[in-house]
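**Student:** Below is the structure I would like to discuss, written out as structure tokens.
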Amino acid sequence: MQVELADRAAARPSETGEAPPSSPAAAAAASAAAEDAPLLPGGGGGVRRRVVVSERFRQRSGSFRREVRRAAEETYLLTRLTLILLRYLGIGYRWIRQFLALCCYTFLLMPGFIQVVYYYFFSSQVCRSVVYGEQPRNRLDLYIPTDRTGLKPVVAFVTGGAWIIGYKGWGALLGRRLAERGILVACIDYRNFPQGTIGDMVEDASQGIAFVCNNIASYGGDPERIYLVGQSAGAHIAACTLLHQAIKESGEGDASTWSIAQLKAYFGISGGYNLLNLVDHFHKRGLYRSIFLSIMEGEESLQKFSPLVMVKDPAARSAVSLLPRIFLFHGTSDYSIPSAESEAFFDALQQNGTKADLFLYDGKTHTDLFLQDPLRGGRDKLLEEIVTVIHNDNPDTSAQHLAVPVARRLVPEFMLMLAGRVSPF
């Protein structure tokens, strides 16, 4: 009888819930199975699945590592561009002074830059480095509105950078502000000097515009509502791209990749449009004549890449008639590129039958319109002008942007004022 009871006790678990002893191999197998099995209710712990939690953790860790790697790659590129700029401009008293001013300027605006950089690298609205061509710099960034219902109007943006340090990431603040107002933005990167000359830059911009025109619908953009925007050197490159494409379409070449008719309007911000007048001006400001002429493929090419000269050329009259509406913006206190450039280009466009508008901002500098004013928050007159034009082209969305909250301030006012005083631009 005692033997029978002992056998029964060994055959079932104890009342405490502990399993009977087993061999080491069986224990290891049971432990592995326990790792993969769901943990069911008991002891107040609720229902958990260890495998699912572990898998999610691994996915998040992998995503974070990818973002860190991309950030490192972008930082390396920006550092290399800066070193290239210093190498070609030379290190003299003037450039040491300008470099120190740039460092102070950047430091004062750093509170805003940090927020924009974080948005650029970690926002789910930003789709970075979409390939549009075969060259290493043939990439573009997309800023996609949070409301993805229906097709959105599109801005193709060509950034500035003195033809030497242009970079698609410079458009992050503009891309963010426009995306908040229901506009999809594509910031086009392009080869800079010495990686390429002005002809390469125009070719890259044209390929980027072609990609936007032909593929933007797959990202939620409306191919019937595409607008071209350029700022500083980017405004010059974009204007050259427009005119060269118009010349092709007027019968002097192939225009199979995209058409001027696919663009609703062009917005030029603080651009230079007559290189013949700017050679000496840039030389006095440190972009030396030899370097500038190398960028522009020699003195004989200055007219070919001067939009104002091209518009005045009687041989290009049929091409000029194909241009879309043109809106020019410039600050009257811009010393990097004088506002007279936009005024003269506006007059030439009107004299040759192109519909154009000119907006001059009293007391604004080269960077006020593109950096300080957006960082200031509140009303941004330049942004409002662009958004109004875009939304008025579609009555169904004309009131949509009015409901967008006023942009918040990213940099304290006293730091913006100091930055304006030390700005090297």
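Chain identifiers are assigned as A, B, and so on, following the order in which chains appear in the structure tokens; residues are numbered from 1 within each chain, and ligands are numbered from 1 in order of appearance.
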Going by DSSP on the backbone, which bits of segment 130-181 of chain A are strand (DSSP E)? Write them as a compact mmCIF listing (two decimals) with all heavy atoms, in the first residue's frame, please.

**Tutor:**
```txt
# COMPACT_ATOMS: atom_id res chain seq x y z
N VAL A 130 15.43 60.02 -52.55
CA VAL A 130 14.80 59.27 -53.64
C VAL A 130 15.65 59.47 -54.90
O VAL A 130 15.98 60.59 -55.27
CB VAL A 130 13.36 59.77 -53.89
CG1 VAL A 130 12.72 59.04 -55.07
CG2 VAL A 130 12.52 59.59 -52.62
N VAL A 131 16.01 58.39 -55.56
CA VAL A 131 16.90 58.45 -56.72
C VAL A 131 16.11 58.91 -57.95
O VAL A 131 15.06 58.36 -58.26
CB VAL A 131 17.55 57.08 -56.99
CG1 VAL A 131 18.42 57.13 -58.24
CG2 VAL A 131 18.36 56.63 -55.78
N ARG A 139 19.56 62.88 -56.30
CA ARG A 139 18.65 62.45 -55.24
C ARG A 139 17.70 63.61 -54.93
O ARG A 139 18.01 64.77 -55.17
CB ARG A 139 19.41 62.08 -53.97
CG ARG A 139 20.51 61.03 -54.14
CD ARG A 139 19.94 59.65 -54.39
NE ARG A 139 20.98 58.62 -54.40
CZ ARG A 139 21.65 58.26 -55.49
NH1 ARG A 139 21.41 58.88 -56.65
NH2 ARG A 139 22.56 57.31 -55.44
N LEU A 140 16.56 63.29 -54.38
CA LEU A 140 15.64 64.33 -53.93
C LEU A 140 14.94 63.87 -52.65
O LEU A 140 14.78 62.68 -52.40
CB LEU A 140 14.65 64.72 -55.01
CG LEU A 140 13.73 63.67 -55.65
CD1 LEU A 140 12.51 63.38 -54.79
CD2 LEU A 140 13.29 64.10 -57.04
N ASP A 141 14.54 64.85 -51.84
CA ASP A 141 13.78 64.59 -50.61
C ASP A 141 12.33 64.98 -50.83
O ASP A 141 12.04 66.00 -51.47
CB ASP A 141 14.34 65.39 -49.44
CG ASP A 141 15.75 64.98 -49.07
OD1 ASP A 141 16.08 63.79 -49.25
OD2 ASP A 141 16.52 65.85 -48.59
N LEU A 142 11.42 64.17 -50.28
CA LEU A 142 9.99 64.45 -50.39
C LEU A 142 9.43 64.78 -49.01
O LEU A 142 9.69 64.07 -48.03
CB LEU A 142 9.25 63.25 -50.97
CG LEU A 142 9.61 62.86 -52.42
CD1 LEU A 142 8.91 61.56 -52.79
CD2 LEU A 142 9.23 63.97 -53.38
N TYR A 143 8.66 65.87 -48.93
CA TYR A 143 7.97 66.27 -47.70
C TYR A 143 6.47 66.09 -47.97
O TYR A 143 5.88 66.83 -48.76
CB TYR A 143 8.30 67.72 -47.34
CG TYR A 143 9.77 67.90 -47.05
CD1 TYR A 143 10.69 68.08 -48.10
CD2 TYR A 143 10.26 67.87 -45.75
CE1 TYR A 143 12.05 68.23 -47.83
CE2 TYR A 143 11.61 68.04 -45.48
CZ TYR A 143 12.50 68.20 -46.54
OH TYR A 143 13.83 68.35 -46.29
N LYS A 152 -2.22 65.99 -53.91
CA LYS A 152 -1.80 67.28 -53.38
C LYS A 152 -1.04 68.09 -54.43
O LYS A 152 -0.35 67.53 -55.28
CB LYS A 152 -0.88 67.08 -52.17
CG LYS A 152 -1.50 66.23 -51.06
CD LYS A 152 -2.76 66.85 -50.52
CE LYS A 152 -3.34 66.00 -49.39
NZ LYS A 152 -4.64 66.55 -48.92
N PRO A 153 -1.15 69.42 -54.37
CA PRO A 153 -0.29 70.26 -55.23
C PRO A 153 1.17 70.02 -54.88
O PRO A 153 1.50 69.66 -53.75
CB PRO A 153 -0.74 71.69 -54.90
CG PRO A 153 -1.41 71.60 -53.57
CD PRO A 153 -2.02 70.23 -53.50
N VAL A 154 2.06 70.25 -55.84
CA VAL A 154 3.46 69.86 -55.69
C VAL A 154 4.37 71.06 -55.94
O VAL A 154 4.16 71.84 -56.88
CB VAL A 154 3.82 68.73 -56.69
CG1 VAL A 154 5.28 68.32 -56.54
CG2 VAL A 154 2.90 67.53 -56.50
N VAL A 155 5.39 71.19 -55.10
CA VAL A 155 6.46 72.17 -55.31
C VAL A 155 7.76 71.41 -55.55
O VAL A 155 8.17 70.58 -54.73
CB VAL A 155 6.62 73.10 -54.10
CG1 VAL A 155 7.99 73.77 -54.10
CG2 VAL A 155 5.54 74.17 -54.10
N ALA A 156 8.40 71.67 -56.69
CA ALA A 156 9.75 71.16 -56.96
C ALA A 156 10.72 72.28 -56.61
O ALA A 156 10.69 73.35 -57.23
CB ALA A 156 9.89 70.74 -58.42
N PHE A 157 11.57 72.05 -55.61
CA PHE A 157 12.40 73.12 -55.06
C PHE A 157 13.87 72.87 -55.36
O PHE A 157 14.40 71.78 -55.08
CB PHE A 157 12.18 73.22 -53.55
CG PHE A 157 13.01 74.29 -52.88
CD1 PHE A 157 12.97 75.59 -53.34
CD2 PHE A 157 13.82 73.99 -51.80
CE1 PHE A 157 13.73 76.59 -52.73
CE2 PHE A 157 14.58 74.97 -51.18
CZ PHE A 157 14.53 76.27 -51.65
N VAL A 158 14.55 73.89 -55.91
CA VAL A 158 15.99 73.84 -56.18
C VAL A 158 16.67 74.77 -55.17
O VAL A 158 16.45 75.98 -55.20
CB VAL A 158 16.32 74.27 -57.62
CG1 VAL A 158 17.81 74.12 -57.89
CG2 VAL A 158 15.51 73.45 -58.63
```

**Student:** Give me the residues within 7 Å of Ala348 of chain A as a PyMOL selection string, counting only C-alpha atoms and dropping any in the same chain fewer than 3 places off.

**Tutor:** chain A and resi 308+311-312+344-345+351-352

**Student:** From the options A:Arg181, A:His281, A:Arg225, A:His244, which residue's atoms come nearest to Leu383 of chain A, counting only C-alpha atoms?

**Tutor:**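 The closest residue to Leu383 of chain A is A:Arg181.
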
**Student:** Work out how far atom CA of Pro307 of chain A is from atom CA of Gly286 of chain A, in Å to one decimal.

**Tutor:**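 Going from atom CA of Gly286 of chain A over to atom CA of Pro307 of chain A covers 23.2 Å.
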
**Student:** Would you work out the distance separating atom CA of Tyr105 of chain A from atom CA of Thr332 of chain A, expressed in Å to one decimal?

**Tutor:**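 Between atom CA of Tyr105 of chain A and atom CA of Thr332 of chain A the gap works out to 20.5 Å.
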
**Student:** May I have all residues of segment 212-348 of chain A that DSSP, computed from the backbone, assigns to alpha helix (DSSP H), given as number ranges by chain?

**Tutor:** A: 212-215, 233-247, 275-284, 289-295, 307-312, 317-320, 340-348

**Student:** Please report the interatomic distance between atom CA of Asp189 of chain A and atom CA of Ser321 of chain A in Å with one decimal.

**Tutor:**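 Taking atom CA of Asp189 of chain A and atom CA of Ser321 of chain A, their separation equals 28.3 Å.
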
**Student:** For the contact check between segment 182-219 of chain A and segment 117-127 of chain A, emit one row per residue of segment 182-219 of chain A within 10 Å, containing the shortest atom pair and the distance in Å rounded to one decimal, counting only C-alpha atoms, chain then rising number order, as a Markdown table.

**Tutor:**
```
| residue | atom | partner | partner_atom | distance |
| --- | --- | --- | --- | --- |
| A:Leu184 | CA | A:Gln125 | CA | 9.9 |
| A:Val185 | CA | A:Val126 | CA | 9.6 |
| A:Ala186 | CA | A:Cys127 | CA | 9.4 |
| A:Tyr219 | CA | A:Cys127 | CA | 9.8 |
```

**Student:** Of the candidates A:Pro111, A:Arg285, A:Gln372, A:Ser129, which one gets nearest to Arg97 of chain A if we count only C-alpha atoms?

**Tutor:**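 Closest to Arg97 of chain A of all the choices is A:Arg285.
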
**Student:** Could you check which of A:Ala265, A:Ile144, A:Leu275, A:Ala72 is closest to Glu180 of chain A, using only C-alpha atoms?

**Tutor:**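 Going through A:Ala265, A:Ile144, A:Leu275, A:Ala72 one by one, the smallest distance to Glu180 of chain A is for A:Ile144.
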
**Student:** Check the smallest atom-to-atom distance from each of A:Leu243, A:Ile295, A:Leu151, A:Leu278 to Ala319 of chain A using only C-alpha atoms, then report the winner.

**Tutor:**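 Closest to Ala319 of chain A of all the choices is A:Leu243.
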
**Student:** Write out as a PyMOL selection string each polymer residue whose atoms come within 8 Å of Ile209 of chain A, counting only C-alpha atoms; drop sequence neighbours fewer than 4 positions from it.

**Tutor:** chain A and resi 156+205+213+258

**Student:** I need the chosen residues saved as a tab-separated table (two decimals), in the first residue's frame, with all heavy atoms.

**Tutor:**
```tsv
chain	number	residue	atom	x	y	z
A	156	ALA	N	8.40	71.67	-56.69
A	156	ALA	CA	9.75	71.16	-56.96
A	156	ALA	C	10.72	72.28	-56.61
A	156	ALA	O	10.69	73.35	-57.23
A	156	ALA	CB	9.89	70.74	-58.42
A	205	ALA	N	19.01	69.46	-62.56
A	205	ALA	CA	17.73	70.07	-62.20
A	205	ALA	C	16.63	69.64	-63.18
A	205	ALA	O	15.50	69.34	-62.78
A	205	ALA	CB	17.85	71.59	-62.17
A	213	CYS	N	7.56	65.37	-62.49
A	213	CYS	CA	6.43	65.43	-63.41
A	213	CYS	C	5.89	64.04	-63.74
A	213	CYS	O	4.67	63.84	-63.86
A	213	CYS	CB	6.84	66.14	-64.71
A	213	CYS	SG	7.13	67.91	-64.53
A	258	TRP	N	10.09	65.99	-70.16
A	258	TRP	CA	9.04	66.77	-69.49
A	258	TRP	C	8.73	68.00	-70.33
A	258	TRP	O	9.45	68.29	-71.29
A	258	TRP	CB	9.47	67.19	-68.08
A	258	TRP	CG	10.65	68.10	-68.00
A	258	TRP	CD1	11.97	67.76	-68.17
A	258	TRP	CD2	10.65	69.52	-67.73
A	258	TRP	NE1	12.78	68.87	-68.02
A	258	TRP	CE2	12.01	69.95	-67.74
A	258	TRP	CE3	9.64	70.44	-67.47
A	258	TRP	CZ2	12.37	71.28	-67.51
A	258	TRP	CZ3	10.00	71.77	-67.23
A	258	TRP	CH2	11.35	72.18	-67.26
```

**Student:** Which one of A:Phe282, A:Ser301, A:Thr159, A:Leu371 sits closest to Gly268 of chain A if you count only C-alpha atoms?

**Tutor:**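 Ranked by minimum distance to Gly268 of chain A, first place goes to A:Thr159.
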
**Student:** When distances are computed from only C-alpha atoms, which of A:Glu203, A:Asp380, A:Glu343, A:Glu224 shows the smallest separation from Gln245 of chain A?

**Tutor:**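 So, comparing all the options, the nearest one is A:Glu203.
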